[in-house]
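Asks: My questions all concern the structure below.
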Amino acid sequence: MKELTRKRILVTGGAGFLGSHLCERLVTEGHDVLCVDNFYTGTKDNIAHLLDCANFELMRHDVTFPLYVEVDEIYNLACPASPVHYQHDPVQTTKTSVHGAINMLGLAKRVKAKIFQASTSEVYGDALMHPQTEEYWGHVNPIGPRSCYDEGKRCAETLFMDYRRQHGLSIRIARIFNTYGPRMHPADGRVVSNFMMQALQGEPLTLYGDGSQTRSFCYVDDMIDGFIRLMNTADDPNGPVNLGNPHEVSMREIAQRIVVITGSNSPLELHPLPTDDPWHRQPDITRAREWLGWQPRTSLDDGLAATARYFRARIEAGRAKLPDAVASFAAPLAHSST
Ligand code: NAD
Ligand code: UDP
Ligand code: UDP
């Protein structure tokens with residue numbers, strides 16, 4: 001790492017699933033990383049292995065309050081991401097998305113930092129266009145149980161675009177599709193973590209609806225690669241970029257694959273479909289391919305196998321020994337092509 005390219009980088013939500021992988025990558029690249037988190041859904045365990053690095057700093061802070069630091073780049077990831085977590089305190093979710101975005105944009109404006117927003121495929125809602133391109137405006141319920149997250153993230157995108165137009169900020173908006181991998185919270189209620197924990201513990205897999213609804217799952221290493229490419233792209237992209245794996249699967253299929261990969265005998269158990277659960281989701285990643293030269297490289301089976309190793313280690317170690325026991329399973333995968 002040359003001294004000239006060493007940057008001071010703020011990662012909000014840095015103790016979460018994606019944030020911890022991003023911090024790790026940026027620390028490894030030699031940057032000075034400031035991780036800001038209020039530990040709402042993230043945990044110190046996720047970044048424990050970075051705490052001794054001279055170029056890593058951890059600050060407990062809630063982004064809904066102003067933050068005065070000096071940095072060159074900001075990755076704004078702070079926000080609960082799983083439906084169970086973001087619906088637990090929906091008012092706080094909207095505040096984190098909207099007030100958090102305003103504060104981080106105000107900070108970026110003052111210090112002239114480039115700023116990245118972790119947006120979401122949820123901005124498309126229960127999409128009527130398939131696969132979803134960035135031009136699609138979405139089909140979102142503004143008053144339902146998912147709205148705190150969907151509308152909060154939509155408003156954050158509006159703010160990012162307006163700070164660009166009004167104040168000339170250099171912004172990046174990633175519309176992140178379902179991402180999975182080591183360091184997902186085992187109790188966050190998301191489908192991959194639920195099915196993994198259930199399969200590994202011999203419990204029934206809780207399939208919502210009839211399992212024919214689809215998602216497209218991206219392995220975490222690929223996603224972090226996309227974040228960094230988007231932040232580093234020389235051209236200032238005028239608009240959001242979808243990041244995700246276009247390989248679409250039904251929830252029934254992902255359940256069956258996880259049962260096979262974990263060597264489990266768990267049966268599938270049908271439960272009611274949650275309100276406003278999107279029916280289909282698949283990213284059109286033409287823009288990411290053309291603008292960033294990015295596409296996912298990890299096959300679903302390889303990614304699920306690595307994730308299963310992580311969850312198995314967590315279960316075997318118990319929470320107390322977590323950081324040491326699982327560190328090796330959270331390491332980047334060797335890639336095979338999809
Ligand atoms: P996560 O819940 O593991 O991480 C979110 C982090 O933000 C946690 O560490 C949490 O403690 C922190 N946080 C929450 N509110 C905060 C606040 N007010 N102030 C400071 N920190 C706060 O979730 P994740 O999967 O790592 O998601 C990270 C980001 O990516 C989120 O913005 C999420 O909306 C977005 N995203 C994730 C996915 C996915 O599949 N993982 C998909 C789309 C978008
Ligand atoms: N802000 C911050 N850190 C900074 C600068 C601003 O947290 O270094 C916050 C501040 O609380 C402000 C918000 O960002 O309310 C928006 O800042 P901006 O300058 O855009 O607007 P204003 O200060 O006029 O509200
Ligand atoms: N899901 C499921 N069983 C679970 C958890 C989720 O069948 O135990 C389904 C859920 O209804 C949705 C899909 O899996 O159709 C993805 O859910 P998740 O909460 O992971 O993410 P999101 O709905 O935000 O894409």
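Chain labels A, B, ... are given in the sequence in which chains occur in the structure tokens; within each chain residues are numbered consecutively from 1, and ligands are likewise numbered from 1 in the order shown.
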Using only C-alpha atoms and all ligand atoms, find each protein or nucleic acid residue lying at most 12 Å from ligand 2; present the set as a PDB file with N, CA and C atoms, in the first residue's frame.

Replies:
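Output file result-v2.pdb is given in full below:
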ATOM      1  N   HIS A  61     -21.408   5.124  18.440  1.00  0.00           N
ATOM      2  CA  HIS A  61     -22.114   6.363  18.106  1.00  0.00           C
ATOM      3  C   HIS A  61     -23.357   6.007  17.312  1.00  0.00           C
ATOM      4  N   ASP A  62     -24.410   6.766  17.537  1.00  0.00           N
ATOM      5  CA  ASP A  62     -25.671   6.593  16.808  1.00  0.00           C
ATOM      6  C   ASP A  62     -25.724   7.657  15.708  1.00  0.00           C
ATOM      7  N   VAL A  63     -25.868   7.224  14.458  1.00  0.00           N
ATOM      8  CA  VAL A  63     -25.785   8.179  13.334  1.00  0.00           C
ATOM      9  C   VAL A  63     -26.972   9.135  13.262  1.00  0.00           C
ATOM     10  N   THR A  64     -27.994   8.917  14.076  1.00  0.00           N
ATOM     11  CA  THR A  64     -29.090   9.889  14.090  1.00  0.00           C
ATOM     12  C   THR A  64     -28.654  11.175  14.809  1.00  0.00           C
ATOM     13  N   PHE A  65     -27.468  11.137  15.429  1.00  0.00           N
ATOM     14  CA  PHE A  65     -26.891  12.344  16.045  1.00  0.00           C
ATOM     15  C   PHE A  65     -25.717  12.810  15.192  1.00  0.00           C
ATOM     16  N   PRO A  66     -25.448  14.118  15.199  1.00  0.00           N
ATOM     17  CA  PRO A  66     -24.343  14.630  14.374  1.00  0.00           C
ATOM     18  C   PRO A  66     -23.010  13.998  14.745  1.00  0.00           C
ATOM     19  N   LEU A  67     -22.128  13.953  13.774  1.00  0.00           N
ATOM     20  CA  LEU A  67     -20.802  13.362  13.985  1.00  0.00           C
ATOM     21  C   LEU A  67     -19.767  14.285  13.343  1.00  0.00           C
ATOM     22  N   TYR A  68     -18.779  14.676  14.117  1.00  0.00           N
ATOM     23  CA  TYR A  68     -17.745  15.572  13.612  1.00  0.00           C
ATOM     24  C   TYR A  68     -16.405  14.860  13.619  1.00  0.00           C
ATOM     25  N   VAL A  69     -15.997  14.386  12.461  1.00  0.00           N
ATOM     26  CA  VAL A  69     -14.696  13.730  12.290  1.00  0.00           C
ATOM     27  C   VAL A  69     -14.123  14.199  10.955  1.00  0.00           C
ATOM     28  N   GLU A  70     -12.853  13.898  10.709  1.00  0.00           N
ATOM     29  CA  GLU A  70     -12.205  14.311   9.450  1.00  0.00           C
ATOM     30  C   GLU A  70     -11.888  13.050   8.655  1.00  0.00           C
ATOM     31  N   VAL A  71     -12.542  12.871   7.536  1.00  0.00           N
ATOM     32  CA  VAL A  71     -12.317  11.672   6.721  1.00  0.00           C
ATOM     33  C   VAL A  71     -12.323  12.026   5.236  1.00  0.00           C
ATOM     34  N   ILE A  74     -16.754   8.082   3.054  1.00  0.00           N
ATOM     35  CA  ILE A  74     -17.739   7.572   4.017  1.00  0.00           C
ATOM     36  C   ILE A  74     -18.545   6.459   3.339  1.00  0.00           C
ATOM     37  N   VAL A  98     -33.073   8.171   7.591  1.00  0.00           N
ATOM     38  CA  VAL A  98     -33.235   9.547   7.110  1.00  0.00           C
ATOM     39  C   VAL A  98     -32.321  10.520   7.874  1.00  0.00           C
ATOM     40  N   HIS A  99     -32.441  10.558   9.212  1.00  0.00           N
ATOM     41  CA  HIS A  99     -31.563  11.461   9.973  1.00  0.00           C
ATOM     42  C   HIS A  99     -30.104  11.039   9.805  1.00  0.00           C
ATOM     43  N   GLY A 100     -29.890   9.716   9.782  1.00  0.00           N
ATOM     44  CA  GLY A 100     -28.516   9.220   9.605  1.00  0.00           C
ATOM     45  C   GLY A 100     -27.952   9.695   8.274  1.00  0.00           C
ATOM     46  N   ALA A 101     -28.762   9.610   7.222  1.00  0.00           N
ATOM     47  CA  ALA A 101     -28.292  10.056   5.899  1.00  0.00           C
ATOM     48  C   ALA A 101     -28.003  11.556   5.922  1.00  0.00           C
ATOM     49  N   ILE A 102     -28.893  12.339   6.530  1.00  0.00           N
ATOM     50  CA  ILE A 102     -28.679  13.799   6.566  1.00  0.00           C
ATOM     51  C   ILE A 102     -27.365  14.118   7.293  1.00  0.00           C
ATOM     52  N   ASN A 103     -27.150  13.469   8.429  1.00  0.00           N
ATOM     53  CA  ASN A 103     -25.918  13.752   9.183  1.00  0.00           C
ATOM     54  C   ASN A 103     -24.669  13.353   8.401  1.00  0.00           C
ATOM     55  N   MET A 104     -24.720  12.184   7.783  1.00  0.00           N
ATOM     56  CA  MET A 104     -23.524  11.739   7.044  1.00  0.00           C
ATOM     57  C   MET A 104     -23.303  12.592   5.800  1.00  0.00           C
ATOM     58  N   LEU A 105     -24.390  13.048   5.180  1.00  0.00           N
ATOM     59  CA  LEU A 105     -24.244  13.935   4.019  1.00  0.00           C
ATOM     60  C   LEU A 105     -23.721  15.309   4.452  1.00  0.00           C
ATOM     61  N   GLY A 106     -24.209  15.775   5.610  1.00  0.00           N
ATOM     62  CA  GLY A 106     -23.701  17.052   6.136  1.00  0.00           C
ATOM     63  C   GLY A 106     -22.211  16.954   6.435  1.00  0.00           C
ATOM     64  N   LEU A 107     -21.818  15.822   6.998  1.00  0.00           N
ATOM     65  CA  LEU A 107     -20.399  15.576   7.285  1.00  0.00           C
ATOM     66  C   LEU A 107     -19.596  15.545   5.973  1.00  0.00           C
ATOM     67  N   ALA A 108     -20.113  14.808   4.996  1.00  0.00           N
ATOM     68  CA  ALA A 108     -19.411  14.698   3.704  1.00  0.00           C
ATOM     69  C   ALA A 108     -19.262  16.075   3.053  1.00  0.00           C
ATOM     70  N   LYS A 109     -20.303  16.877   3.180  1.00  0.00           N
ATOM     71  CA  LYS A 109     -20.275  18.234   2.587  1.00  0.00           C
ATOM     72  C   LYS A 109     -19.194  19.075   3.263  1.00  0.00           C
ATOM     73  N   ARG A 110     -19.153  19.018   4.595  1.00  0.00           N
ATOM     74  CA  ARG A 110     -18.187  19.854   5.334  1.00  0.00           C
ATOM     75  C   ARG A 110     -16.745  19.456   5.023  1.00  0.00           C
ATOM     76  N   VAL A 111     -16.471  18.148   4.997  1.00  0.00           N
ATOM     77  CA  VAL A 111     -15.064  17.711   4.824  1.00  0.00           C
ATOM     78  C   VAL A 111     -14.741  17.359   3.369  1.00  0.00           C
ATOM     79  N   LYS A 112     -15.739  17.559   2.463  1.00  0.00           N
ATOM     80  CA  LYS A 112     -15.567  17.256   1.034  1.00  0.00           C
ATOM     81  C   LYS A 112     -15.173  15.789   0.808  1.00  0.00           C
ATOM     82  N   ALA A 113     -15.876  14.897   1.506  1.00  0.00           N
ATOM     83  CA  ALA A 113     -15.616  13.462   1.361  1.00  0.00           C
ATOM     84  C   ALA A 113     -16.545  12.864   0.321  1.00  0.00           C
ATOM     85  N   LEU A 159     -32.208  12.115  -0.716  1.00  0.00           N
ATOM     86  CA  LEU A 159     -31.264  13.036  -0.081  1.00  0.00           C
ATOM     87  C   LEU A 159     -29.890  12.972  -0.752  1.00  0.00           C
ATOM     88  N   PHE A 160     -29.443  11.762  -1.039  1.00  0.00           N
ATOM     89  CA  PHE A 160     -28.136  11.630  -1.690  1.00  0.00           C
ATOM     90  C   PHE A 160     -28.145  12.350  -3.050  1.00  0.00           C
ATOM     91  N   ASP A 162     -30.109  14.742  -4.010  1.00  0.00           N
ATOM     92  CA  ASP A 162     -30.255  16.193  -3.846  1.00  0.00           C
ATOM     93  C   ASP A 162     -28.973  16.851  -3.327  1.00  0.00           C
ATOM     94  N   TYR A 163     -28.234  16.168  -2.463  1.00  0.00           N
ATOM     95  CA  TYR A 163     -26.938  16.730  -2.041  1.00  0.00           C
ATOM     96  C   TYR A 163     -25.981  16.768  -3.239  1.00  0.00           C
ATOM     97  N   ARG A 164     -26.132  15.831  -4.152  1.00  0.00           N
ATOM     98  CA  ARG A 164     -25.301  15.849  -5.356  1.00  0.00           C
ATOM     99  C   ARG A 164     -25.684  17.050  -6.223  1.00  0.00           C
ATOM    100  N   GLN A 166     -27.609  19.724  -5.438  1.00  0.00           N
ATOM    101  CA  GLN A 166     -27.631  21.038  -4.784  1.00  0.00           C
ATOM    102  C   GLN A 166     -26.263  21.468  -4.279  1.00  0.00           C
ATOM    103  N   HIS A 167     -25.467  20.511  -3.793  1.00  0.00           N
ATOM    104  CA  HIS A 167     -24.189  20.861  -3.154  1.00  0.00           C
ATOM    105  C   HIS A 167     -22.979  20.285  -3.880  1.00  0.00           C
ATOM    106  N   GLY A 168     -23.224  19.559  -4.980  1.00  0.00           N
ATOM    107  CA  GLY A 168     -22.110  19.037  -5.775  1.00  0.00           C
ATOM    108  C   GLY A 168     -21.341  17.902  -5.112  1.00  0.00           C
ATOM    109  N   LEU A 169     -21.973  17.185  -4.188  1.00  0.00           N
ATOM    110  CA  LEU A 169     -21.276  16.070  -3.527  1.00  0.00           C
ATOM    111  C   LEU A 169     -21.004  14.931  -4.497  1.00  0.00           C
TER     112      LEU A 169
END

Asks: Quick one: residues within 9 Å of range 292-306 of chain A, only C-alpha atoms, excluding same-chain residues fewer than 2 positions away - as a ChimeraX atom specification?

Replies: /A:180-182,192,196,217-223,225-226,229-230,233,243-247,257-258,261-262,285,287-290,308-311,329-330,333-338

Asks: Using only C-alpha atoms and all ligand atoms, which residues of the polymer chains come no farther than 8 Å from ligand 3? I'd like the answer as a PyMOL selection string.

Replies: chain A and resi 81-84+122+177-178+189-195+205-209+211+213-215+251-252+271+273-274+277-279+281

Asks: Mind dumping the selected residues with C-alpha atoms as a short mmCIF file (atom, residue, chain, number, x, y, z; two decimals), in the first residue's frame?

Replies:
data_model
loop_
_atom_site.label_atom_id
_atom_site.label_comp_id
_atom_site.auth_asym_id
_atom_site.auth_seq_id
_atom_site.Cartn_x
_atom_site.Cartn_y
_atom_site.Cartn_z
CA ALA A 81 -31.31 -4.92 7.50
CA SER A 82 -33.34 -7.96 8.44
CA PRO A 83 -37.14 -7.57 8.42
CA VAL A 84 -37.33 -8.85 12.02
CA GLU A 122 -36.42 -3.03 -1.23
CA PHE A 177 -29.85 -7.36 -3.25
CA ASN A 178 -30.00 -10.21 -0.71
CA GLY A 189 -34.64 -13.94 11.03
CA ARG A 190 -33.31 -13.75 7.48
CA VAL A 191 -33.88 -16.79 5.37
CA VAL A 192 -30.30 -18.03 4.97
CA SER A 193 -29.41 -17.66 8.66
CA ASN A 194 -32.72 -19.21 9.77
CA PHE A 195 -32.44 -22.20 7.46
CA LEU A 205 -36.95 -25.36 8.24
CA THR A 206 -39.59 -22.62 8.52
CA LEU A 207 -40.70 -22.07 4.91
CA TYR A 208 -43.03 -19.08 4.61
CA GLY A 209 -45.92 -19.32 2.15
CA GLY A 211 -41.92 -21.40 -0.88
CA GLN A 213 -41.38 -16.78 -3.90
CA THR A 214 -37.89 -16.01 -5.19
CA ARG A 215 -34.76 -14.10 -4.22
CA MET A 251 -37.26 -20.30 -1.13
CA ARG A 252 -38.18 -23.97 -1.43
CA HIS A 271 -45.71 -21.02 7.88
CA LEU A 273 -46.25 -15.61 4.30
CA PRO A 274 -45.42 -12.26 6.01
CA ASP A 277 -43.40 -10.13 1.23
CA PRO A 278 -42.04 -9.39 -2.29
CA TRP A 279 -42.89 -12.16 -4.74
CA ARG A 281 -36.53 -10.41 -6.87
#

Asks: Work out how far CA of Ser119 in chain A is from CA of Val33 in chain A, in Å to one decimal.

Replies: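 Taking CA of Val33 in chain A and CA of Ser119 in chain A, their separation equals 21.1 Å.
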
Asks: Counting only C-alpha atoms and all ligand atoms, which of A:Glu134, A:Asp188, A:Glu151, A:Glu253 gets nearest to ligand 1?

Replies: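 The answer is A:Asp188, which sits nearest to ligand 1.
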
Asks: Nearest to ligand 1 among A:Ile171, A:Ile115, A:Met59, A:Ala317, with distances taken over only C-alpha atoms and all ligand atoms: which residue is it?

Replies: A:Met59

Asks: Within 7 Å of ligand 1, counting only C-alpha atoms and all ligand atoms, which protein or nucleic acid residues do you find, written as a PyMOL selection string?

Replies: chain A and resi 12-19+36-43+61-64+77-82+96+100+118-121+175-180+184-185

Asks: How would the residues just picked look written out with N, CA, C and O atoms as a compact mmCIF listing (two decimals), in the first residue's frame?

Replies:
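What follows is the written file selection_33.txt:
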# COMPACT_ATOMS: atom_id res chain seq x y z
N THR A 12 -19.99 3.52 8.63
CA THR A 12 -21.05 3.48 9.64
C THR A 12 -21.73 2.11 9.55
O THR A 12 -21.84 1.54 8.46
N GLY A 13 -22.13 1.58 10.71
CA GLY A 13 -22.66 0.22 10.73
C GLY A 13 -21.54 -0.80 10.54
O GLY A 13 -21.78 -1.92 10.09
N GLY A 14 -20.32 -0.40 10.90
CA GLY A 14 -19.14 -1.22 10.63
C GLY A 14 -19.04 -2.49 11.47
O GLY A 14 -18.25 -3.37 11.16
N ALA A 15 -19.86 -2.60 12.53
CA ALA A 15 -19.82 -3.82 13.35
C ALA A 15 -20.90 -4.82 12.93
O ALA A 15 -21.10 -5.83 13.58
N GLY A 16 -21.59 -4.51 11.84
CA GLY A 16 -22.63 -5.41 11.35
C GLY A 16 -22.05 -6.45 10.40
O GLY A 16 -20.83 -6.57 10.22
N PHE A 17 -22.94 -7.18 9.78
CA PHE A 17 -22.56 -8.25 8.86
C PHE A 17 -21.71 -7.70 7.70
O PHE A 17 -20.51 -8.00 7.58
N LEU A 18 -22.29 -6.85 6.86
CA LEU A 18 -21.54 -6.34 5.71
C LEU A 18 -20.44 -5.38 6.16
O LEU A 18 -19.32 -5.39 5.62
N GLY A 19 -20.76 -4.54 7.15
CA GLY A 19 -19.80 -3.53 7.61
C GLY A 19 -18.50 -4.15 8.10
O GLY A 19 -17.41 -3.62 7.85
N VAL A 36 -17.94 3.17 12.96
CA VAL A 36 -18.91 3.79 13.86
C VAL A 36 -20.14 2.89 13.94
O VAL A 36 -20.67 2.47 12.90
N ASP A 37 -20.57 2.58 15.14
CA ASP A 37 -21.72 1.68 15.29
C ASP A 37 -22.35 1.89 16.66
O ASP A 37 -21.64 2.19 17.63
N ASN A 38 -23.68 1.74 16.74
CA ASN A 38 -24.32 1.81 18.06
C ASN A 38 -24.67 0.41 18.58
O ASN A 38 -25.35 0.29 19.59
N PHE A 39 -24.22 -0.62 17.88
CA PHE A 39 -24.41 -2.03 18.28
C PHE A 39 -25.88 -2.41 18.43
O PHE A 39 -26.24 -3.23 19.26
N TYR A 40 -26.71 -1.80 17.61
CA TYR A 40 -28.14 -2.14 17.64
C TYR A 40 -28.35 -3.57 17.15
O TYR A 40 -29.01 -4.37 17.80
N THR A 41 -27.79 -3.89 16.01
CA THR A 41 -27.83 -5.28 15.52
C THR A 41 -26.43 -5.85 15.32
O THR A 41 -26.28 -7.06 15.19
N GLY A 42 -25.43 -4.99 15.28
CA GLY A 42 -24.06 -5.47 15.10
C GLY A 42 -23.45 -5.82 16.45
O GLY A 42 -24.02 -5.55 17.50
N THR A 43 -22.28 -6.41 16.39
CA THR A 43 -21.62 -6.82 17.63
C THR A 43 -20.11 -6.66 17.54
O THR A 43 -19.53 -6.74 16.46
N HIS A 61 -21.41 5.12 18.44
CA HIS A 61 -22.11 6.36 18.11
C HIS A 61 -23.36 6.01 17.31
O HIS A 61 -23.36 5.07 16.50
N ASP A 62 -24.41 6.77 17.54
CA ASP A 62 -25.67 6.59 16.81
C ASP A 62 -25.72 7.66 15.71
O ASP A 62 -25.66 8.86 16.01
N VAL A 63 -25.87 7.22 14.46
CA VAL A 63 -25.78 8.18 13.33
C VAL A 63 -26.97 9.13 13.26
O VAL A 63 -26.96 10.07 12.45
N THR A 64 -27.99 8.92 14.08
CA THR A 64 -29.09 9.89 14.09
C THR A 64 -28.65 11.17 14.81
O THR A 64 -29.37 12.16 14.79
N LEU A 77 -23.47 2.51 6.05
CA LEU A 77 -24.16 1.22 6.12
C LEU A 77 -25.09 1.11 7.32
O LEU A 77 -25.81 0.13 7.46
N ALA A 78 -25.02 2.08 8.24
CA ALA A 78 -25.77 1.94 9.49
C ALA A 78 -27.26 1.85 9.23
O ALA A 78 -27.86 2.78 8.69
N CYS A 79 -27.85 0.74 9.59
CA CYS A 79 -29.30 0.50 9.49
C CYS A 79 -29.55 -0.98 9.69
O CYS A 79 -28.85 -1.80 9.07
N PRO A 80 -30.50 -1.35 10.53
CA PRO A 80 -30.83 -2.78 10.61
C PRO A 80 -31.34 -3.25 9.26
O PRO A 80 -32.06 -2.52 8.58
N ALA A 81 -30.98 -4.47 8.86
CA ALA A 81 -31.31 -4.92 7.50
C ALA A 81 -32.31 -6.06 7.46
O ALA A 81 -32.99 -6.23 6.44
N SER A 82 -32.40 -6.84 8.51
CA SER A 82 -33.34 -7.96 8.44
C SER A 82 -34.75 -7.48 8.79
O SER A 82 -34.90 -6.61 9.66
N THR A 96 -32.96 6.29 11.55
CA THR A 96 -31.60 5.91 11.18
C THR A 96 -31.37 6.14 9.69
O THR A 96 -30.35 6.71 9.28
N GLY A 100 -29.89 9.72 9.78
CA GLY A 100 -28.52 9.22 9.61
C GLY A 100 -27.95 9.70 8.27
O GLY A 100 -26.81 10.15 8.20
N ALA A 118 -25.53 2.57 1.38
CA ALA A 118 -26.01 1.19 1.27
C ALA A 118 -27.52 1.23 1.12
O ALA A 118 -28.25 1.22 2.11
N SER A 119 -27.98 1.31 -0.13
CA SER A 119 -29.42 1.25 -0.37
C SER A 119 -29.80 -0.21 -0.59
O SER A 119 -29.02 -1.12 -0.28
N THR A 120 -30.97 -0.44 -1.10
CA THR A 120 -31.48 -1.80 -1.10
C THR A 120 -32.42 -2.08 -2.26
O THR A 120 -33.08 -1.16 -2.77
N SER A 121 -32.52 -3.33 -2.62
CA SER A 121 -33.52 -3.76 -3.61
C SER A 121 -34.94 -3.52 -3.10
O SER A 121 -35.88 -3.52 -3.90
N ARG A 175 -27.67 -0.27 -4.75
CA ARG A 175 -28.91 -0.97 -4.42
C ARG A 175 -28.56 -2.44 -4.21
O ARG A 175 -28.39 -3.19 -5.19
N ILE A 176 -28.45 -2.81 -2.96
CA ILE A 176 -27.94 -4.13 -2.58
C ILE A 176 -29.09 -5.13 -2.58
O ILE A 176 -30.12 -4.90 -1.93
N PHE A 177 -28.89 -6.24 -3.29
CA PHE A 177 -29.85 -7.36 -3.25
C PHE A 177 -29.38 -8.36 -2.19
O PHE A 177 -28.24 -8.31 -1.75
N ASN A 178 -30.25 -9.28 -1.83
CA ASN A 178 -30.00 -10.21 -0.71
C ASN A 178 -28.57 -10.74 -0.71
O ASN A 178 -28.14 -11.35 -1.70
N THR A 179 -27.89 -10.52 0.39
CA THR A 179 -26.50 -10.94 0.53
C THR A 179 -26.38 -11.84 1.77
O THR A 179 -27.07 -11.61 2.76
N TYR A 180 -25.52 -12.84 1.68
CA TYR A 180 -25.40 -13.81 2.77
C TYR A 180 -23.94 -14.18 2.95
O TYR A 180 -23.11 -13.94 2.06
N MET A 184 -23.36 -13.29 9.36
CA MET A 184 -24.79 -12.96 9.48
C MET A 184 -25.17 -13.29 10.91
O MET A 184 -24.67 -14.27 11.49
N HIS A 185 -26.05 -12.51 11.48
CA HIS A 185 -26.49 -12.80 12.85
C HIS A 185 -27.36 -14.06 12.83
O HIS A 185 -28.31 -14.14 12.06

Asks: Counting only C-alpha atoms, what is within 12 Å of His31 in chain A, bar same-chain residues fewer than 4 positions away, as a ChimeraX atom specification?

Replies: /A:1-11,22-27,53-57,71-73

Asks: Restricting the calculation to only C-alpha atoms, which member of A:Ala234, A:Ala199, A:Ile143, A:Asp89 is positioned closest to Ile315 in chain A?

Replies: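 Distance minimum relative to Ile315 in chain A lands on A:Ala199.
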
Asks: When DSSP works through the backbone of this structure, what residues of range 72-248 of chain A end up as helix (DSSP H, G or I), shown as a PyMOL selection string?

Replies: chain A and resi 83-88+90-111+121-124+147-167+191-200+220-232

Asks: Take the residues that were just selected and, keeping C-alpha atoms, output them as a compact mmCIF listing (two decimals), in the first residue's frame.

Replies:
# COMPACT_ATOMS: atom_id res chain seq x y z
CA PRO A 83 -37.14 -7.57 8.42
CA VAL A 84 -37.33 -8.85 12.02
CA HIS A 85 -34.78 -6.28 13.19
CA TYR A 86 -36.03 -3.28 11.23
CA GLN A 87 -39.65 -3.91 12.19
CA HIS A 88 -38.76 -4.23 15.89
CA PRO A 90 -39.81 0.98 12.99
CA VAL A 91 -39.63 4.63 14.04
CA GLN A 92 -35.95 4.22 14.89
CA THR A 93 -35.43 2.51 11.50
CA THR A 94 -36.80 5.53 9.64
CA LYS A 95 -34.77 7.88 11.83
CA THR A 96 -31.60 5.91 11.18
CA SER A 97 -32.18 5.92 7.42
CA VAL A 98 -33.23 9.55 7.11
CA HIS A 99 -31.56 11.46 9.97
CA GLY A 100 -28.52 9.22 9.61
CA ALA A 101 -28.29 10.06 5.90
CA ILE A 102 -28.68 13.80 6.57
CA ASN A 103 -25.92 13.75 9.18
CA MET A 104 -23.52 11.74 7.04
CA LEU A 105 -24.24 13.93 4.02
CA GLY A 106 -23.70 17.05 6.14
CA LEU A 107 -20.40 15.58 7.29
CA ALA A 108 -19.41 14.70 3.70
CA LYS A 109 -20.28 18.23 2.59
CA ARG A 110 -18.19 19.85 5.33
CA VAL A 111 -15.06 17.71 4.82
CA SER A 121 -33.52 -3.76 -3.61
CA GLU A 122 -36.42 -3.03 -1.23
CA VAL A 123 -36.72 0.36 -2.97
CA TYR A 124 -38.39 -1.67 -5.77
CA SER A 147 -42.40 0.75 4.88
CA CYS A 148 -40.10 2.07 7.62
CA TYR A 149 -37.22 0.40 5.82
CA ASP A 150 -38.35 0.72 2.20
CA GLU A 151 -39.44 4.35 2.42
CA GLY A 152 -36.55 5.26 4.73
CA LYS A 153 -34.10 3.96 2.16
CA ARG A 154 -35.99 5.65 -0.70
CA CYS A 155 -35.86 8.97 1.16
CA ALA A 156 -32.14 8.45 1.80
CA GLU A 157 -31.62 8.00 -1.96
CA THR A 158 -33.53 11.24 -2.55
CA LEU A 159 -31.26 13.04 -0.08
CA PHE A 160 -28.14 11.63 -1.69
CA MET A 161 -29.26 12.76 -5.16
CA ASP A 162 -30.26 16.19 -3.85
CA TYR A 163 -26.94 16.73 -2.04
CA ARG A 164 -25.30 15.85 -5.36
CA ARG A 165 -27.48 18.26 -7.37
CA GLN A 166 -27.63 21.04 -4.78
CA HIS A 167 -24.19 20.86 -3.15
CA VAL A 191 -33.88 -16.79 5.37
CA VAL A 192 -30.30 -18.03 4.97
CA SER A 193 -29.41 -17.66 8.66
CA ASN A 194 -32.72 -19.21 9.77
CA PHE A 195 -32.44 -22.20 7.46
CA MET A 196 -28.75 -22.74 8.32
CA MET A 197 -29.34 -22.68 12.06
CA GLN A 198 -32.41 -24.89 11.76
CA ALA A 199 -30.74 -27.42 9.44
CA LEU A 200 -27.58 -27.66 11.55
CA VAL A 220 -20.60 -11.39 0.85
CA ASP A 221 -17.08 -11.32 -0.68
CA ASP A 222 -18.53 -10.48 -4.09
CA MET A 223 -20.70 -7.75 -2.59
CA ILE A 224 -17.78 -6.09 -0.78
CA ASP A 225 -15.82 -6.15 -4.02
CA GLY A 226 -18.75 -4.34 -5.66
CA PHE A 227 -18.83 -1.70 -2.88
CA ILE A 228 -15.16 -0.90 -3.31
CA ARG A 229 -15.34 -0.78 -7.11
CA LEU A 230 -18.32 1.54 -6.93
CA MET A 231 -16.63 3.85 -4.44
CA ASN A 232 -13.42 3.89 -6.48

Asks: Take CA of Leu34 in chain A and CA of Leu51 in chain A and report the distance between them in Å, one decimal.

Replies: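 About the pair CA of Leu34 in chain A and CA of Leu51 in chain A: they are 11.0 Å apart.
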
Asks: Name the closest residue to Trp137 in chain A among the candidates A:Ala187, A:Val259, A:Pro240, A:Asn76; distances are taken between atoms, counting only C-alpha atoms.

Replies: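 Nearest candidate to Trp137 in chain A out of A:Ala187, A:Val259, A:Pro240, A:Asn76: A:Pro240.
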
Asks: Using DSSP on the backbone coordinates, identify all residues within range 133-273 of chain A classified as strand (DSSP E); present the result as a list in words.

Replies: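 Secondary structure check on range 133-273 of chain A, strand (DSSP E): Ile171, Arg172, Ile173, Ala174, Arg175, Ile176, Thr179, Tyr180, Leu205, Thr206, Leu207, Tyr208, Thr214, Arg215, Ser216, Cys218, Tyr219, Val241, Asn242, Leu243, Glu248, Val249, Ser250, Leu268, Glu269, Leu270 and His271 of chain A.
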